[in-house]
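Visitor: The file below is data_38.txt, compact mmCIF, C-alpha atoms:
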# COMPACT_ATOMS: atom_id res chain seq x y z
CA MET A 25 -96.50 20.81 54.42
CA ARG A 26 -95.48 23.27 51.75
CA ALA A 27 -91.72 22.80 52.11
CA THR A 28 -92.10 19.01 52.21
CA PHE A 29 -94.10 19.08 48.97
CA GLU A 30 -91.57 21.47 47.42
CA THR A 31 -88.80 19.02 48.32
CA LEU A 32 -90.74 16.18 46.73
CA ALA A 33 -91.40 18.31 43.64
CA ALA A 34 -87.68 19.05 43.32
CA ALA A 35 -86.94 15.33 43.56
CA ALA A 36 -89.57 14.60 40.90
CA LEU A 37 -88.14 17.26 38.58
CA VAL A 38 -84.63 15.92 39.01
CA GLY A 39 -86.03 12.43 38.35
CA ILE A 40 -87.55 13.64 35.07
CA ALA A 41 -84.22 15.25 34.15
CA GLN A 42 -82.47 11.97 34.98
CA LEU A 43 -84.79 10.09 32.62
CA ALA A 44 -84.19 12.59 29.84
CA LEU A 45 -80.42 12.50 30.35
CA SER A 46 -80.36 8.71 30.47
CA ALA A 47 -81.53 8.73 26.84
CA VAL A 48 -78.18 10.29 25.90
CA GLY A 49 -76.08 8.31 28.38
CA LEU A 50 -75.77 11.04 31.02
CA ALA A 51 -77.97 9.62 33.79
CA GLY A 52 -75.07 9.70 36.26
CA LEU A 53 -74.68 13.47 35.93
CA PHE A 54 -76.46 14.02 39.28
CA ALA A 55 -74.69 11.29 41.31
CA LEU A 56 -72.19 12.29 43.99
CA SER A 57 -68.87 10.48 43.80
CA THR A 58 -65.20 11.04 44.46
CA PRO A 59 -63.19 13.03 43.68
CA LEU A 60 -65.61 15.71 44.87
CA ALA A 61 -63.84 18.53 43.02
CA VAL A 62 -64.64 17.02 39.60
CA ALA A 63 -68.40 17.69 39.88
CA PRO A 64 -69.04 19.77 43.02
CA TRP A 65 -72.68 20.50 42.08
CA THR A 66 -73.49 16.85 42.71
CA ALA A 67 -73.28 17.47 46.47
CA VAL A 68 -76.67 19.17 46.00
CA THR A 69 -78.15 17.39 42.96
CA SER A 70 -77.51 13.96 44.46
CA VAL A 71 -79.83 14.82 47.35
CA TYR A 72 -82.78 15.08 44.95
CA ALA A 73 -81.72 12.37 42.48
CA HIS A 74 -82.69 8.73 42.99
CA GLY A 75 -81.65 5.39 41.57
CA SER A 76 -85.18 4.23 40.73
CA ILE A 77 -88.84 5.08 41.16
CA GLY A 78 -88.98 2.66 44.10
CA HIS A 79 -86.05 4.47 45.72
CA LEU A 80 -87.82 7.81 45.24
CA LEU A 81 -91.10 6.44 46.61
CA ALA A 82 -89.43 4.99 49.72
CA ASN A 83 -87.73 8.31 50.46
CA ALA A 84 -90.93 10.23 49.67
CA ILE A 85 -92.95 8.17 52.16
CA ALA A 86 -90.33 8.65 54.87
CA LEU A 87 -90.15 12.39 54.11
CA LEU A 88 -93.95 12.68 54.33
CA LEU A 89 -93.79 11.12 57.81
CA VAL A 90 -91.18 13.44 59.29
CA GLY A 91 -91.07 16.53 57.05
CA PRO A 92 -94.38 18.15 58.06
CA LEU A 93 -93.58 17.72 61.76
CA VAL A 94 -90.28 19.57 61.38
CA GLU A 95 -91.88 22.16 59.10
CA ARG A 96 -94.25 23.20 61.87
CA ARG A 97 -91.27 24.34 63.95
CA THR A 98 -89.28 26.26 61.37
CA THR A 99 -89.35 28.43 58.26
CA ARG A 100 -89.41 27.18 54.67
CA LEU A 101 -85.94 28.57 54.06
CA ARG A 102 -84.47 26.85 57.11
CA PHE A 103 -86.21 23.60 56.22
CA HIS A 104 -84.80 23.59 52.68
CA ALA A 105 -81.33 24.62 53.88
CA PHE A 106 -81.40 21.78 56.44
CA VAL A 107 -82.47 19.23 53.83
CA VAL A 108 -79.78 20.33 51.36
CA GLY A 109 -77.09 20.75 54.03
CA THR A 110 -77.63 17.47 55.84
CA GLY A 111 -78.31 15.58 52.62
CA ALA A 112 -75.09 16.88 51.05
CA LEU A 113 -73.05 16.21 54.20
CA ALA A 114 -74.45 12.68 54.45
CA GLY A 115 -73.64 12.02 50.80
CA ILE A 116 -70.12 13.39 51.14
CA ALA A 117 -69.54 11.22 54.21
CA GLN A 118 -70.82 8.19 52.31
CA VAL A 119 -68.55 8.59 49.28
CA THR A 120 -65.44 9.61 51.23
CA LEU A 121 -65.64 7.19 54.16
CA GLY A 122 -67.23 4.47 52.07
CA GLY A 123 -64.36 4.78 49.61
CA LEU A 124 -61.90 4.19 52.45
CA LEU A 125 -63.75 1.06 53.57
CA GLY A 126 -64.46 -0.46 50.18
CA PRO A 127 -64.58 0.26 46.48
CA PRO A 128 -65.55 3.83 45.52
CA SER A 129 -69.21 4.27 44.67
CA ALA A 130 -71.69 7.00 43.88
CA VAL A 131 -74.60 8.03 46.07
CA LEU A 132 -78.09 9.36 45.37
CA GLY A 133 -81.19 10.16 47.40
CA LEU A 134 -82.92 12.05 50.17
CA SER A 135 -82.43 9.42 52.85
CA GLY A 136 -79.53 11.16 54.63
CA ALA A 137 -81.67 14.30 54.93
CA VAL A 138 -84.72 12.26 55.97
CA PHE A 139 -82.68 10.60 58.73
CA ALA A 140 -81.56 14.09 59.80
CA LEU A 141 -85.17 15.27 59.98
CA GLY A 142 -86.10 12.18 62.01
CA GLY A 143 -83.13 12.72 64.32
CA TYR A 144 -84.19 16.33 64.76
CA LEU A 145 -87.63 15.23 65.89
CA LEU A 146 -86.20 12.59 68.20
CA ALA A 147 -83.79 14.88 70.05
CA GLY A 148 -85.62 18.18 69.69
CA ASN A 149 -88.89 17.47 71.45
CA VAL A 150 -90.04 18.44 74.93
CA VAL A 151 -89.72 14.93 76.36
CA SER A 152 -86.11 14.58 75.14
CA ALA A 153 -85.21 18.08 76.32
CA THR A 154 -86.62 17.33 79.78
CA LEU A 155 -84.78 14.02 79.93
CA PHE A 156 -81.46 15.57 78.89
CA ASP A 157 -81.91 18.41 81.37
CA ARG A 158 -82.54 15.97 84.20
CA LEU A 159 -79.67 13.66 83.28
CA ARG A 160 -77.24 16.60 83.01
CA LEU A 161 -75.02 14.74 80.58
CA SER A 162 -71.83 16.42 79.45
CA SER A 163 -71.53 17.48 75.82
CA ARG A 164 -69.20 14.55 75.20
CA ALA A 165 -71.65 12.09 76.70
CA GLN A 166 -74.48 13.55 74.60
CA PHE A 167 -72.34 13.26 71.43
CA ALA A 168 -71.53 9.66 72.29
CA LEU A 169 -75.21 8.92 72.94
CA PHE A 170 -76.16 10.55 69.62
CA GLY A 171 -73.50 8.49 67.84
CA LEU A 172 -74.88 5.30 69.37
CA ALA A 173 -78.45 6.30 68.52
CA ALA A 174 -77.41 7.08 64.93
CA VAL A 175 -75.87 3.63 64.59
CA VAL A 176 -78.97 1.94 66.03
CA LEU A 177 -81.31 3.94 63.75
CA THR A 178 -79.11 3.10 60.77
CA ALA A 179 -79.07 -0.60 61.59
CA THR A 180 -82.83 -0.67 60.98
CA THR A 181 -82.21 0.05 57.29
CA ALA A 182 -79.22 -2.25 56.76
CA ALA A 183 -79.44 -4.01 53.42
CA PRO A 184 -77.20 -4.47 50.41
CA GLY A 185 -76.79 -1.26 48.44
CA VAL A 186 -78.07 1.00 51.24
CA ALA A 187 -75.93 4.04 52.04
CA LEU A 188 -75.49 3.23 55.73
CA ILE A 189 -72.80 5.85 56.34
CA ALA A 190 -75.10 8.50 54.87
CA HIS A 191 -77.97 7.34 57.08
CA ALA A 192 -75.81 7.41 60.20
CA THR A 193 -74.36 10.82 59.32
CA GLY A 194 -77.82 12.25 58.67
CA ALA A 195 -79.22 10.82 61.90
CA PHE A 196 -76.26 12.13 63.93
CA CYS A 197 -76.55 15.62 62.41
CA GLY A 198 -80.29 15.65 63.06
CA LEU A 199 -79.89 14.53 66.67
CA VAL A 200 -77.30 17.23 67.37
CA ALA A 201 -79.35 19.89 65.58
CA GLY A 202 -82.52 18.82 67.38
CA ARG A 203 -80.84 19.01 70.77
CA ALA A 204 -79.60 22.51 69.90
CA GLY A 205 -83.01 23.57 68.54
CA LEU A 206 -81.26 24.74 65.37
CA LEU A 207 -84.41 24.96 63.26
CA ASP A 208 -86.85 26.14 65.92
CA VAL A 209 -88.29 29.60 65.39
CA ARG A 210 -88.85 31.24 68.73
Can you turn what I pasted into structure tokens?
Guide:
Amino acid sequence: MRATFETLAAAALVGIAQLALSAVGLAGLFALSTPLAVAPWTAVTSVYAHGSIGHLLANAIALLLVGPLVERRTTRLRFHAFVVGTGALAGIAQVTLGGLLGPPSAVLGLSGAVFALGGYLLAGNVVSATLFDRLRLSSRAQFALFGLAAVVLTATTAAPGVALIAHATGAFCGLVAGRAGLLDVR
């Protein structure tokens, strides 16, 4: 559970920095928004930043449910790289695609990465591997199935203000990575 706690500690430290910066009107310094080239560091900082303590607690609880289970299968370095990579990709998808579908907005939080970790567990276990091997689905069919599963998983969190595109992107990335065994140390 070391990497999970390290991730939570990073989120807490960024939260403290957000509070300090909000005193001087710079609370949004960590938020990812378009255009991406203006503040490229926010692709990473936004993963650990949160909009409120409640937002942080909700993501922390979800991370504590899935993080340790993924940690058991991988190294600390791979775990952290997966969290940052999938979290950043989910955030980038949210601000770019979300901006095409509605007004531009900023994004914060670990939820895209948490959905990726959950997707990894869902597609990367022995039962799923056996099922996929028996079904002998083509790569395209598996991608389509993962896309559908990502949408269904995302629908469970649908509410105003929730980064649904980020959740779906994270879940899809996690499902694909889990099927490929990307994090597994053999």
Visitor: Given all atoms listed in the file, how would the per-residue table for region 44-121 of chain A near region 195-209 of chain A read, listing every residue at most 7 Å away with its closest atom pair and distance in Å to one decimal, sorted by chain and number, as a Markdown table?
Guide:
| residue | atom | partner | partner_atom | distance |
| --- | --- | --- | --- | --- |
| A:Arg97 | CA | A:Asp208 | CA | 5.2 |
| A:Thr98 | CA | A:Asp208 | CA | 5.2 |
| A:Arg102 | CA | A:Leu207 | CA | 6.4 |
| A:Thr110 | CA | A:Cys197 | CA | 6.9 |
Visitor: Considering all atoms listed in the file, tabulate each residue of region 34-65 of chain A that lies at most 6 Å from region 72-86 of chain A along with its nearest interatomic pair and the corresponding distance in Å to one decimal; arrange the rows by chain and ascending residue number and present them as a Markdown table.
Guide:
| residue | atom | partner | partner_atom | distance |
| --- | --- | --- | --- | --- |
| A:Ala35 | CA | A:Tyr72 | CA | 4.4 |
| A:Val38 | CA | A:Ala73 | CA | 5.8 |
| A:Gly39 | CA | A:Ala73 | CA | 6.0 |
Visitor: Once you count only C-alpha atoms, what closest atom pair and distance in Å to one decimal does each residue of region 150-189 of chain A within 12 Å of region 129-143 of chain A have, with rows by chain and rising residue number, as JSON lines?
Guide:
{"residue": "A:Ser152", "atom": "CA", "partner": "A:Gly143", "partner_atom": "CA", "distance": 11.4}
{"residue": "A:Phe170", "atom": "CA", "partner": "A:Gly143", "partner_atom": "CA", "distance": 9.0}
{"residue": "A:Gly171", "atom": "CA", "partner": "A:Gly143", "partner_atom": "CA", "distance": 11.1}
{"residue": "A:Ala173", "atom": "CA", "partner": "A:Gly143", "partner_atom": "CA", "distance": 9.0}
{"residue": "A:Ala174", "atom": "CA", "partner": "A:Gly143", "partner_atom": "CA", "distance": 8.1}
{"residue": "A:Val175", "atom": "CA", "partner": "A:Phe139", "partner_atom": "CA", "distance": 11.4}
{"residue": "A:Val176", "atom": "CA", "partner": "A:Gly143", "partner_atom": "CA", "distance": 11.7}
{"residue": "A:Leu177", "atom": "CA", "partner": "A:Phe139", "partner_atom": "CA", "distance": 8.5}
{"residue": "A:Thr178", "atom": "CA", "partner": "A:Phe139", "partner_atom": "CA", "distance": 8.6}
{"residue": "A:Thr180", "atom": "CA", "partner": "A:Phe139", "partner_atom": "CA", "distance": 11.5}
{"residue": "A:Thr181", "atom": "CA", "partner": "A:Ser135", "partner_atom": "CA", "distance": 10.4}
{"residue": "A:Gly185", "atom": "CA", "partner": "A:Val131", "partner_atom": "CA", "distance": 9.8}
{"residue": "A:Val186", "atom": "CA", "partner": "A:Val131", "partner_atom": "CA", "distance": 9.4}
{"residue": "A:Ala187", "atom": "CA", "partner": "A:Val131", "partner_atom": "CA", "distance": 7.3}
{"residue": "A:Leu188", "atom": "CA", "partner": "A:Gly136", "partner_atom": "CA", "distance": 9.0}
{"residue": "A:Ile189", "atom": "CA", "partner": "A:Gly136", "partner_atom": "CA", "distance": 8.7}
Visitor: Rounded to one decimal in Å, what is the spacing between CA of Thr154 (chain A) and CA of Ala179 (chain A)?
Guide: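 Those two atoms sit 26.6 Å apart.
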Visitor: To one decimal in Å, tell me the separation between CA of Thr69 (chain A) and CA of Leu53 (chain A).
Guide: 8.8 Å
Visitor: For Asn149 (chain A), which of A:Ala63, A:Val94, A:Arg26, A:Ile116 is the closest residue, counting all atoms listed in the file?
Guide: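 Selected residue with least distance to Asn149 (chain A): A:Val94.
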Visitor: Calculate how many Å separate CA of Gly115 (chain A) from CA of Ala153 (chain A), rounding to one decimal.
Guide: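 Atom-to-atom, CA of Gly115 (chain A) to CA of Ala153 (chain A), that is 28.7 Å.
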Visitor: Can you sort out the box for region 132-135 of chain A, edges along x, y and z, all listed atoms in, 6 Å on every side, with centre and edge lengths in Å to one decimal, as JSON?
Guide:
{"center_x": -80.5, "center_y": 10.7, "center_z": 49.1, "size_x": 16.8, "size_y": 14.7, "size_z": 19.5}
